[in-house]
Amino acid sequence: MSAHTPHLRHMRVLVTRPSSDPLVTRIAQLLHKFPLLDVGGASVTRIVDTCPEFFHFTGFDWIIITSKNTVFTLQDYAHRSADPYCEDRDLPALFGKAHICSVGPGTTKALLNAGVQPTWQAEGSAQSIVELWPRQVGITQSAASTVVSSLTQTVNSSLQPAIKQCAPLRIALPGSALTKQDLSVGLQAMGHIVEPITVYTTEAISPLPNIFDHSVDIVVALAGSSVRALSTYLHKYPHIQLVTIGKPSAKVARQCGHRVGAVAATPDAAGLAQAILYVVEQASHVDIPH
């Protein structure tokens, strides 16, 4: 069926990032052959810096960074810091000799732009990172497999012999106050010393930008915090279809009482564009050639 099919109506799609954001721009480019889809965006949350007055990463073996917001917040800290460990006031100086694990392409790009070359550019969930940890730092695969299988349960005494096979490392986990603890728990279960460091949090923008009104058809939420910020709005306009960037944000949506129209198969522009088209197909009762 043609992208100009008369069975498709005009639909407004809003992504929870500014329209100028590269991710929103890329989604619009991928959907450009569907002119009845109007793709835009606006932020619904803001970053609040919560960095401690003084901290440093001296003595850590690894630093795991899971979001570009962490990178930007730490850059700001380094620039304003009087920390004697960070005389150059940049991220390479702040991180010192620690190995860096970046999670996700956005985080990796932000680190590279800040002059930091990650030792490991990781992808996937906390569970997959724990599972792959042995080949990055040389601990035994059997220990990792045992710990991965225990991520959803309390670590009991029967697991301790396998866990003790792991060489203990000191690992820093700077990030959001809202970050789930799965990664920290998994690495601690391996015997590592893990220190979460809260450097920022997010808060809802209130009132929401005027662009969020009754004429919106699809909202694309890029984080659980975005879902929470939009919860009252989504309850007010139940016709709006919700697309989430991944399972964690979808879980938050369901906990808030919202139906999820689609979850992106991959947390990138291509995955989100496909999820949007799926929702359009369901709403229009047609098959769209992708």
# chains A, B, ... in the order shown; residues from 1 in each chain; ligands from 1

$ residues_around --residues "A:Thr244" --least-positions-apart "5" --cutoff "6 Å" --atoms "only C-alpha atoms" --output "PDB file with N, CA and C atoms, in the first residue's frame"
ATOM      1  N   VAL A 220       6.201   9.384  22.191  1.00  0.00           N
ATOM      2  CA  VAL A 220       7.342   8.481  22.290  1.00  0.00           C
ATOM      3  C   VAL A 220       8.136   8.850  23.536  1.00  0.00           C
ATOM      4  N   ALA A 221       8.098   7.984  24.546  1.00  0.00           N
ATOM      5  CA  ALA A 221       8.784   8.239  25.815  1.00  0.00           C
ATOM      6  C   ALA A 221      10.163   7.596  25.810  1.00  0.00           C
ATOM      7  N   ALA A 250       8.531   0.934  29.561  1.00  0.00           N
ATOM      8  CA  ALA A 250       7.203   0.336  29.374  1.00  0.00           C
ATOM      9  C   ALA A 250       6.654  -0.161  30.708  1.00  0.00           C
ATOM     10  N   VAL A 263       6.759  -1.170  22.041  1.00  0.00           N
ATOM     11  CA  VAL A 263       8.073  -0.999  22.656  1.00  0.00           C
ATOM     12  C   VAL A 263       9.113  -1.156  21.551  1.00  0.00           C
TER      13      VAL A 263
END

$ closest_atom_pairs --of "stretch 181-288 of chain A" --to "stretch 20-24 of chain A" --cutoff "10 Å" --atoms "only C-alpha atoms" --output "CSV"
residue,atom,partner,partner_atom,distance
A:Val220,CA,A:Val24,CA,9.9
A:Asp268,CA,A:Leu23,CA,7.6
A:Ala269,CA,A:Leu23,CA,6.0
A:Ala270,CA,A:Leu23,CA,9.7
A:Leu272,CA,A:Leu23,CA,9.6
A:Ala273,CA,A:Val24,CA,9.9

$ write_last_selection --atoms "N, CA and C atoms" --output "PDB file, in the first residue's frame"
ATOM      1  N   VAL A 220       6.201   9.384  22.191  1.00  0.00           N
ATOM      2  CA  VAL A 220       7.342   8.481  22.290  1.00  0.00           C
ATOM      3  C   VAL A 220       8.136   8.850  23.536  1.00  0.00           C
ATOM      4  N   ASP A 268      17.039   2.882  19.600  1.00  0.00           N
ATOM      5  CA  ASP A 268      17.621   3.862  18.691  1.00  0.00           C
ATOM      6  C   ASP A 268      16.544   4.372  17.742  1.00  0.00           C
ATOM      7  N   ALA A 269      16.931   5.260  16.838  1.00  0.00           N
ATOM      8  CA  ALA A 269      15.959   5.877  15.936  1.00  0.00           C
ATOM      9  C   ALA A 269      15.251   4.843  15.073  1.00  0.00           C
ATOM     10  N   ALA A 270      15.989   3.858  14.579  1.00  0.00           N
ATOM     11  CA  ALA A 270      15.386   2.839  13.714  1.00  0.00           C
ATOM     12  C   ALA A 270      14.341   2.024  14.477  1.00  0.00           C
ATOM     13  N   LEU A 272      12.690   2.921  17.162  1.00  0.00           N
ATOM     14  CA  LEU A 272      11.555   3.778  17.510  1.00  0.00           C
ATOM     15  C   LEU A 272      10.679   4.055  16.297  1.00  0.00           C
ATOM     16  N   ALA A 273      11.297   4.253  15.132  1.00  0.00           N
ATOM     17  CA  ALA A 273      10.515   4.494  13.913  1.00  0.00           C
ATOM     18  C   ALA A 273       9.648   3.281  13.588  1.00  0.00           C
TER      19      ALA A 273
END

$ residues_around --residues "A:Glu195" --least-positions-apart "6" --cutoff "9 Å" --atoms "only C-alpha atoms" --output "list in words"
Arg170, Ile171, Ala172, Leu173, Pro174 and Ser184 of chain A

$ closest_residue --among "A:Thr108, A:His79, A:Thr232, A:Ala265" --to "A:Leu208" --atoms "only C-alpha atoms"
A:Thr232

$ atom_distance --atom1 "atom CA of A:Ile129" --atom2 "atom CA of A:Ile100"
13.4 Å

$ residues_around --residues "A:Gly40" --least-positions-apart "2" --cutoff "10 Å" --atoms "only C-alpha atoms" --output "PDB file with N, CA, C and O atoms, in the first residue's frame"
ATOM      1  N   ARG A  12      -0.147  13.190  14.651  1.00  0.00           N
ATOM      2  CA  ARG A  12       0.932  13.939  15.298  1.00  0.00           C
ATOM      3  C   ARG A  12       1.701  13.017  16.229  1.00  0.00           C
ATOM      4  O   ARG A  12       1.118  12.341  17.072  1.00  0.00           O
ATOM      5  N   VAL A  13       3.022  13.014  16.067  1.00  0.00           N
ATOM      6  CA  VAL A  13       3.913  12.197  16.887  1.00  0.00           C
ATOM      7  C   VAL A  13       4.841  13.129  17.651  1.00  0.00           C
ATOM      8  O   VAL A  13       5.519  13.969  17.056  1.00  0.00           O
ATOM      9  N   LEU A  14       4.869  12.994  18.973  1.00  0.00           N
ATOM     10  CA  LEU A  14       5.764  13.803  19.791  1.00  0.00           C
ATOM     11  C   LEU A  14       6.744  12.910  20.542  1.00  0.00           C
ATOM     12  O   LEU A  14       6.343  11.937  21.183  1.00  0.00           O
ATOM     13  N   VAL A  15       8.018  13.267  20.444  1.00  0.00           N
ATOM     14  CA  VAL A  15       9.088  12.562  21.144  1.00  0.00           C
ATOM     15  C   VAL A  15       9.493  13.423  22.338  1.00  0.00           C
ATOM     16  O   VAL A  15       9.479  14.655  22.268  1.00  0.00           O
ATOM     17  N   THR A  16       9.864  12.780  23.449  1.00  0.00           N
ATOM     18  CA  THR A  16      10.172  13.536  24.662  1.00  0.00           C
ATOM     19  C   THR A  16      11.607  14.067  24.664  1.00  0.00           C
ATOM     20  O   THR A  16      12.349  13.928  25.644  1.00  0.00           O
ATOM     21  N   ARG A  17      11.974  14.687  23.556  1.00  0.00           N
ATOM     22  CA  ARG A  17      13.214  15.449  23.432  1.00  0.00           C
ATOM     23  C   ARG A  17      12.944  16.615  22.497  1.00  0.00           C
ATOM     24  O   ARG A  17      12.001  16.552  21.694  1.00  0.00           O
ATOM     25  N   PRO A  18      13.744  17.666  22.532  1.00  0.00           N
ATOM     26  CA  PRO A  18      13.511  18.803  21.632  1.00  0.00           C
ATOM     27  C   PRO A  18      13.549  18.376  20.166  1.00  0.00           C
ATOM     28  O   PRO A  18      14.261  17.436  19.794  1.00  0.00           O
ATOM     29  N   SER A  19      12.798  19.072  19.330  1.00  0.00           N
ATOM     30  CA  SER A  19      12.746  18.745  17.904  1.00  0.00           C
ATOM     31  C   SER A  19      14.122  18.805  17.249  1.00  0.00           C
ATOM     32  O   SER A  19      14.382  18.126  16.250  1.00  0.00           O
ATOM     33  N   SER A  20      15.018  19.628  17.804  1.00  0.00           N
ATOM     34  CA  SER A  20      16.362  19.778  17.245  1.00  0.00           C
ATOM     35  C   SER A  20      17.310  18.649  17.646  1.00  0.00           C
ATOM     36  O   SER A  20      18.419  18.549  17.108  1.00  0.00           O
ATOM     37  N   ASP A  21      16.889  17.800  18.588  1.00  0.00           N
ATOM     38  CA  ASP A  21      17.736  16.708  19.036  1.00  0.00           C
ATOM     39  C   ASP A  21      18.012  15.745  17.886  1.00  0.00           C
ATOM     40  O   ASP A  21      17.116  15.422  17.102  1.00  0.00           O
ATOM     41  N   VAL A  24      15.491  12.845  17.425  1.00  0.00           N
ATOM     42  CA  VAL A  24      14.193  13.239  16.866  1.00  0.00           C
ATOM     43  C   VAL A  24      14.328  13.513  15.371  1.00  0.00           C
ATOM     44  O   VAL A  24      13.482  13.093  14.565  1.00  0.00           O
ATOM     45  N   THR A  25      15.400  14.187  15.006  1.00  0.00           N
ATOM     46  CA  THR A  25      15.647  14.473  13.590  1.00  0.00           C
ATOM     47  C   THR A  25      15.772  13.189  12.785  1.00  0.00           C
ATOM     48  O   THR A  25      15.222  13.066  11.684  1.00  0.00           O
ATOM     49  N   ILE A  27      14.549  10.166  13.551  1.00  0.00           N
ATOM     50  CA  ILE A  27      13.249   9.506  13.461  1.00  0.00           C
ATOM     51  C   ILE A  27      12.414  10.140  12.354  1.00  0.00           C
ATOM     52  O   ILE A  27      11.795   9.440  11.540  1.00  0.00           O
ATOM     53  N   ALA A  28      12.405  11.480  12.297  1.00  0.00           N
ATOM     54  CA  ALA A  28      11.643  12.182  11.253  1.00  0.00           C
ATOM     55  C   ALA A  28      12.159  11.818   9.868  1.00  0.00           C
ATOM     56  O   ALA A  28      11.377  11.629   8.930  1.00  0.00           O
ATOM     57  N   LEU A  37       2.504  11.696   8.733  1.00  0.00           N
ATOM     58  CA  LEU A  37       3.037  11.602  10.085  1.00  0.00           C
ATOM     59  C   LEU A  37       3.849  12.868  10.380  1.00  0.00           C
ATOM     60  O   LEU A  37       4.858  13.133   9.736  1.00  0.00           O
ATOM     61  N   ASP A  38       3.398  13.643  11.330  1.00  0.00           N
ATOM     62  CA  ASP A  38       4.051  14.893  11.715  1.00  0.00           C
ATOM     63  C   ASP A  38       4.855  14.633  12.983  1.00  0.00           C
ATOM     64  O   ASP A  38       4.283  14.458  14.066  1.00  0.00           O
ATOM     65  N   ALA A  42       9.618  17.673  22.328  1.00  0.00           N
ATOM     66  CA  ALA A  42       9.866  18.653  23.389  1.00  0.00           C
ATOM     67  C   ALA A  42      10.242  17.906  24.653  1.00  0.00           C
ATOM     68  O   ALA A  42       9.756  16.800  24.911  1.00  0.00           O
ATOM     69  N   ILE A 211       2.939  22.356  23.348  1.00  0.00           N
ATOM     70  CA  ILE A 211       2.844  21.434  22.225  1.00  0.00           C
ATOM     71  C   ILE A 211       2.129  20.137  22.618  1.00  0.00           C
ATOM     72  O   ILE A 211       1.551  19.443  21.775  1.00  0.00           O
ATOM     73  N   VAL A 219       2.782   9.509  21.545  1.00  0.00           N
ATOM     74  CA  VAL A 219       3.885  10.049  22.339  1.00  0.00           C
ATOM     75  C   VAL A 219       4.963   8.982  22.444  1.00  0.00           C
ATOM     76  O   VAL A 219       4.672   7.817  22.736  1.00  0.00           O
TER      77      VAL A 219
END

$ residues_around --residues "A:Ala177" --least-positions-apart "5" --cutoff "9 Å" --atoms "only C-alpha atoms" --output "list in words"
Thr50, Ile197, Thr198, Val199, Tyr200, Thr201 and Thr202 of chain A
